[in-house]
Each structure stands twice: as C-alpha cells, then as structure tokens.
>>> print(open('coords36.txt').read())   # compact mmCIF, C-alpha atoms
# COMPACT_ATOMS: atom_id res chain seq x y z
CA MET A 687 9.71 -0.29 -11.11
CA ILE A 688 10.45 3.29 -10.03
CA HIS A 689 7.71 3.38 -7.39
CA ILE A 690 9.06 0.18 -5.86
CA THR A 691 12.70 1.25 -5.66
CA ASN A 692 12.75 5.01 -4.98
CA VAL A 693 12.85 4.91 -1.21
CA LEU A 694 15.63 4.44 1.33
CA TYR A 695 15.06 2.83 4.71
CA PHE A 696 17.04 4.43 7.54
CA ASN A 697 16.94 2.71 10.93
CA ASN A 698 13.77 0.76 11.60
CA ASP A 699 11.38 3.64 11.15
CA ILE A 700 12.64 6.38 8.78
CA ASP A 701 11.68 6.19 5.10
CA VAL A 702 13.18 8.79 2.74
CA ARG A 703 11.73 8.99 -0.77
CA LEU A 704 14.01 9.52 -3.77
CA CYS A 705 13.31 11.84 -6.70
CA LEU A 706 15.71 12.61 -9.53
CA LYS A 707 17.14 16.17 -9.37
CA ASN A 708 16.10 16.40 -5.71
CA GLY A 709 19.28 15.26 -3.97
CA SER A 710 18.78 11.57 -4.68
CA ILE A 711 22.48 10.82 -5.27
CA THR A 712 23.48 12.50 -2.00
CA LEU A 713 20.83 10.57 -0.08
CA GLN A 714 22.01 7.27 -1.55
CA LYS A 715 25.59 8.09 -0.53
CA ALA A 716 24.39 8.99 2.97
CA TRP A 717 22.55 5.68 3.27
CA ALA A 718 25.65 3.79 2.14
CA LEU A 719 27.92 5.58 4.63
CA ILE A 720 25.51 5.02 7.51
CA ASN A 721 25.23 1.34 6.67
CA GLN A 722 28.96 1.01 5.92
CA THR A 723 28.34 -0.43 2.51
CA SER A 724 28.30 0.61 -1.14
CA VAL A 725 25.48 2.54 -2.79
CA SER A 726 22.65 0.10 -3.38
CA THR A 727 21.62 -0.89 -6.88
CA THR A 728 18.04 -0.71 -8.10
CA GLU A 729 17.82 -4.50 -7.83
CA GLN A 730 19.10 -4.49 -4.25
CA ARG A 731 16.61 -1.82 -3.20
CA HIS A 732 13.84 -3.74 -4.94
CA ASN A 733 14.64 -6.86 -2.92
CA ILE A 734 14.77 -4.95 0.37
CA ILE A 735 11.62 -2.96 -0.26
CA THR A 736 9.44 -5.80 -1.49
CA THR A 737 10.34 -7.67 1.70
CA GLU A 738 9.84 -4.84 4.20
CA GLN A 739 7.19 -2.53 2.71
CA ASP A 740 3.64 -2.26 3.99
CA VAL A 741 1.70 -4.05 1.25
CA LEU A 742 -1.26 -1.72 1.81
CA ASN A 743 0.84 1.44 1.42
CA PRO A 744 3.98 0.69 -0.60
CA PRO A 745 6.82 1.48 -0.70
CA PHE A 746 6.65 2.70 2.90
CA ARG A 747 7.09 0.51 5.94
CA LEU A 748 4.29 0.16 8.44
CA GLY A 749 4.29 3.05 10.91
CA SER A 750 7.40 4.71 9.47
CA TYR A 751 8.30 8.40 9.62
CA ARG A 752 8.14 9.50 5.98
CA ILE A 753 10.35 12.18 4.43
CA ALA A 754 10.56 13.76 0.97
CA ILE A 755 12.62 16.47 -0.73
CA LYS A 756 10.85 19.02 -2.91
CA ARG A 757 12.12 21.57 -5.39
CA ASN A 758 10.62 24.50 -7.22
CA PRO A 759 9.52 23.09 -10.61
CA ILE A 760 11.15 25.92 -12.57
CA GLU A 761 14.47 25.51 -10.74
CA ARG A 762 14.33 21.74 -11.21
CA PHE A 763 13.62 22.09 -14.95
CA VAL A 764 16.49 24.54 -15.44
CA SER A 765 18.84 22.30 -13.47
CA THR A 766 17.89 19.35 -15.68
CA ILE A 767 18.53 21.09 -18.99
CA THR A 768 21.75 22.59 -17.62
CA MET A 769 22.97 19.12 -16.73
CA MET A 770 22.01 17.64 -20.08
CA SER A 771 23.53 20.53 -22.01
CA SER A 772 26.91 20.09 -20.36
CA ASP A 773 29.85 18.56 -22.22
CA THR A 774 30.08 15.76 -19.65
CA TRP A 775 26.51 14.56 -20.14
CA THR A 776 25.96 11.59 -22.41
CA ASP A 777 22.85 9.61 -23.20
CA ARG A 778 24.30 6.54 -21.48
CA TYR A 779 23.22 7.89 -18.09
CA MET A 780 19.52 7.25 -18.54
CA ASN A 781 17.26 5.55 -21.09
CA SER A 782 19.88 5.67 -23.84
CA SER A 783 17.78 3.61 -26.24
CA TRP A 784 15.05 6.25 -26.04
CA ASN A 785 17.22 9.32 -26.25
CA LYS A 786 19.82 8.85 -28.96
CA ASN A 787 19.20 12.42 -30.16
CA LEU A 788 18.69 14.03 -26.76
CA LYS A 789 21.17 16.83 -27.43
CA GLU A 790 19.12 17.89 -30.45
CA LEU A 791 15.87 17.95 -28.50
CA ILE A 792 17.15 20.03 -25.57
CA ASP A 793 18.35 23.56 -26.22
CA ILE A 794 19.42 25.64 -23.25
CA ASN A 795 19.31 28.72 -25.49
CA ASP A 796 15.78 27.97 -26.67
CA ILE A 797 13.63 27.04 -23.70
CA SER A 798 10.41 27.13 -25.71
CA LYS A 799 11.82 24.53 -28.12
CA THR A 800 12.66 22.19 -25.25
CA ILE A 801 9.20 22.68 -23.74
CA GLU A 802 7.49 21.93 -27.04
CA ASN A 803 9.55 18.76 -27.48
CA LEU A 804 8.51 17.66 -24.01
CA LYS A 805 4.87 18.39 -24.74
CA ALA A 806 5.17 16.40 -27.98
CA ASN A 807 6.54 13.45 -25.98
CA LYS A 808 9.83 13.45 -27.91
CA ILE A 809 11.99 13.62 -24.76
CA LYS A 810 11.81 10.44 -22.72
CA ASP A 811 14.43 10.98 -20.05
CA GLN A 812 13.26 10.32 -16.48
CA HIS A 813 14.88 13.48 -15.11
CA PHE A 814 12.00 15.43 -16.67
CA MET A 815 9.32 13.31 -14.99
CA SER A 816 7.28 15.13 -12.36
CA GLN A 817 7.86 15.10 -8.64
CA THR A 818 4.31 13.79 -8.39
CA HIS A 819 5.36 10.76 -10.44
CA TYR A 820 8.17 9.99 -8.02
CA MET A 821 6.55 10.92 -4.71
CA GLY A 822 2.77 11.20 -4.99
CA LYS A 823 1.40 14.01 -2.82
CA SER A 824 3.34 16.04 -0.28
CA SER A 825 0.53 15.37 2.20
CA ASP A 826 1.62 11.70 2.23
CA TYR A 827 4.72 12.66 4.24
CA ASP A 828 5.45 13.54 7.84
CA LYS A 829 8.20 15.99 6.83
CA VAL A 830 9.04 17.65 3.52
CA TYR A 831 12.31 19.52 3.03
CA TYR A 832 13.20 21.95 0.26
CA LEU A 833 16.33 20.92 -1.63
CA HIS A 834 18.36 23.74 -0.08
CA GLU A 835 17.44 22.31 3.34
CA LEU A 836 19.08 18.97 2.53
CA PRO A 837 22.04 19.71 4.88
CA ASP A 838 19.51 20.01 7.72
CA LEU A 839 18.07 16.60 6.84
CA LEU A 840 21.55 15.07 6.73
CA LYS A 841 22.34 16.44 10.19
CA TRP A 842 19.05 15.07 11.46
CA LEU A 843 19.72 11.64 9.94
CA GLU A 844 23.23 11.63 11.37
CA LYS A 845 21.79 12.19 14.84
CA LYS A 846 18.88 9.77 14.49
CA THR A 847 20.95 6.91 13.08
CA LYS A 848 23.75 7.50 15.60
CA THR A 849 26.26 6.91 12.83
CA SER A 850 29.95 7.24 13.60
CA THR A 851 30.51 8.57 10.07
CA SER A 852 29.76 12.23 9.42
CA ILE A 853 27.28 12.83 6.59
CA SER A 854 26.24 16.39 7.47
CA ASP A 855 28.57 17.97 4.89
CA LEU A 856 27.92 15.41 2.20
CA TRP A 857 25.62 17.46 0.00
CA GLU A 858 26.73 19.75 -2.76
CA ASN A 859 24.78 20.93 -5.75
CA ARG A 860 26.66 18.93 -8.37
CA THR A 861 24.75 20.57 -11.20
CA LEU A 862 25.32 24.28 -10.94
CA SER A 863 22.47 25.64 -13.00
CA LYS A 864 23.47 28.08 -15.68
CA HIS A 865 21.96 31.47 -15.09
CA ILE A 866 19.10 31.73 -17.54
CA ASN A 867 16.96 34.82 -17.83
CA LEU A 868 13.58 33.22 -18.30
CA THR A 869 10.73 35.36 -19.51
CA GLU A 870 7.51 35.36 -17.55
CA THR A 871 5.92 33.47 -20.46
CA GLU A 872 8.60 30.76 -20.27
CA LYS A 873 8.18 30.45 -16.51
CA LEU A 874 4.43 30.05 -16.98
CA LYS A 875 4.98 27.38 -19.64
CA ILE A 876 7.20 25.40 -17.27
CA LEU A 877 4.68 25.68 -14.45
CA ASN A 878 1.96 24.51 -16.82
CA LEU A 879 4.09 21.49 -17.69
CA TYR A 880 4.32 20.64 -14.02
CA ASN A 881 0.89 21.78 -12.93
CA MET A 882 0.39 18.46 -11.13
CA ASP A 883 3.37 19.27 -8.91
CA CYS A 884 1.90 22.64 -7.97
CA VAL A 885 -1.41 20.97 -7.15
CA ASN A 886 0.25 18.25 -5.07
CA GLY A 887 2.46 20.57 -3.01
CA TRP A 888 5.81 20.13 -4.77
CA HIS A 889 6.61 23.80 -5.31
>>> encode(input="coords36.txt", output="structure tokens")
Amino acid sequence: MIHITNVLYFNNDIDVRLCLKNGSITLQKAWALINQTSVSTTEQRHNIITTEQDVLNPPFRLGSYRIAIKRNPIERFVSTITMMSSDTWTDRYMNSSWNKNLKELIDINDISKTIENLKANKIKDQHFMSQTHYMGKSSDYDKVYYLHELPDLLKWLEKKTKTSTSISDLWENRTLSKHINLTETEKLKILNLYNMDCVNGWH
C-alpha cells in the first residue's frame, strides 16, 4: 500500500511525495496545519488518493507539480540506525511482528554487522527501504529538494497555499545522528546497499 499512500496533495496542483527519514513527519504536519485538520492516517490518504490520482500515473494527480525530498544514502542510513539505537525507540513504531529482535540486529558500534544483517534480509523495518522504493526516479519530479532544504520547501508551500498558519519554521531534525567515524570501506558498503538510489538520482 505504500506506493498508494505516500503522497500529500497540496492545493489543486501540488503533489509532495513522502519517504521515511526524508522529512515525512514534518510534511504531514505541514499538510495538517494548512488544511486545519489532524495528520491524516494511512487509510484516509488511501481514500483521497485512490479518488483523485491519475490512474495512468499513480499516485500523482493529472498535470500536478511534483516534488520529492532526497537525502544522501549514507546520511540516511546513519540517521536510521541512530534513531533505532536510541533508548526511546521501540519496535512498536513499525512492523513490530517482523522485528521483535531489532535491537540485536542493529549495532551502532558495529556498522558492518548491521549491513550484513540487512543483506541477509534479517532486518525488515521500512526505514531501511530505499528512496527508490518510495519515490521511483528523481527524473519523475518537477522539483527535488535535499533534506536540508526542507525549510525552503515549507516557505514555498506557505506562499503557494496562502495559508494563514505559518509552517516555515516547522522542520527540525528530530533524529540528531550520532557522530560516527565511518571507514571508507563502510561508506562503500552502504552505497552498495543503496546502489539503486545512486542510479536513480537520490544522492
């Protein structure tokens, strides 16, 4: 269902794609504030999107201006394991039935171990899925922002939607990545994991 629900419709012509670890929570909050409602559930987005999407090019609307957020694959990987290694993270957040031993499979002090567990398909959490999985190719979009440019997107959306509620200062990096001194070999391993993202312009 992820490809059906990971888009937000702003106004009648702006479609913003969602990708975990790429500002998706901030974008959902922005959408809710602009529309003066609560953050939409997956089921609510599914109902909206299946009604309004262009059936020949889902989940976008016909003739929409399409936006995505990209992030360096290494930075995104480190941010994910930092989040999951924190004391506040519990398996209940995502796919709990698949990841009962997630803490044992992810080791922030042993990057190679985590990579090998991913390659062996032992880690099922969706935060590790590629940007390609969530968004296809960067060439499918009219505008692609880097994650650190998210405040610029929020300012643009605030202007375009003519909202009376300020959203320009909404974003903050909620997961402050622990400083990890990756070796060149570890960086290469991560890039190899996400080679499809490099090929498709998500880097």
>>> closest_residue(input="coords36.txt", among="A:Asn867, A:Thr736, A:Ser824, A:Thr712", to="Pro837 of chain A", atoms="all atoms listed in the file")
A:Thr712
>>> closest_residue(input="coords36.txt", among="A:Ala716, A:Leu833, A:Ala806, A:Ile690", to="Val741 of chain A", atoms="only C-alpha atoms")
A:Ile690
>>> atom_distance(input="coords36.txt", atom1="atom CA of Leu836 of chain A", atom2="atom CA of Leu874 of chain A")
26.8 Å
>>> residues_around(input="coords36.txt", residues="Asn807 of chain A", least_positions_apart="4", cutoff="12 Å", atoms="all atoms listed in the file", output="PyMOL selection string")
chain A and resi 784-785+791+800-803+811+814-815+879
>>> closest_residue(input="coords36.txt", among="A:Asp701, A:Asp796, A:Glu738, A:Glu872", to="Leu843 of chain A", atoms="only C-alpha atoms")
A:Asp701
>>> residues_around(input="coords36.txt", residues="Tyr831 of chain A", least_positions_apart="2", cutoff="12 Å", atoms="all atoms listed in the file", output="list in words")
Val702, Arg703, Asn708, Gly709, Arg752, Ile753, Ala754, Ile755, Lys756, Arg757, Asn758, Ser824, Tyr827, Asp828, Lys829, Leu833, His834, Glu835, Leu836, Pro837, Asp838, Leu839, Leu840, Trp842, Gly887, Trp888 and His889 of chain A
>>> closest_residue(input="coords36.txt", among="A:Ile760, A:Met770, A:Cys884, A:Ile792", to="Leu868 of chain A", atoms="all atoms listed in the file")
A:Ile760
>>> residues_around(input="coords36.txt", residues="Ile797 of chain A", least_positions_apart="6", cutoff="10 Å", atoms="all atoms listed in the file", output="VMD selection string")
chain A and resid 764 767 803 866 868 to 869 872 to 873 875 to 876
>>> atom_distance(input="coords36.txt", atom1="atom CA of Leu694 of chain A", atom2="atom CA of Phe763 of chain A")
24.1 Å
>>> atom_distance(input="coords36.txt", atom1="atom CA of Cys705 of chain A", atom2="atom CA of Met821 of chain A")
7.1 Å
>>> residues_around(input="coords36.txt", residues="Ile734 of chain A", least_positions_apart="3", cutoff="10 Å", atoms="all atoms listed in the file", output="VMD selection string")
chain A and resid 690 to 691 694 to 695 729 to 731 737 to 739
>>> closest_residue(input="coords36.txt", among="A:Glu870, A:Asp855, A:Glu844, A:Asp883", to="Trp717 of chain A", atoms="all atoms listed in the file")
A:Glu844
>>> residues_near_point(input="coords36.txt", point="(17.5, 4.7, -3.5)", cutoff="6 Å", atoms="all atoms listed in the file", output="VMD selection string")
chain A and resid 692 to 694 704 714
>>> closest_residue(input="coords36.txt", among="A:Pro759, A:Lys808, A:Lys845, A:Ser798", to="Val885 of chain A", atoms="all atoms listed in the file")
A:Pro759
>>> axis_aligned_box(input="coords36.txt", around="segment 792-796 of chain A", padding_each_side="3 Å", output="lines of an AutoDock Vina configuration file")
center_x = 17.6
center_y = 24.4
center_z = -25.0
size_x = 9.6
size_y = 14.7
size_z = 9.4
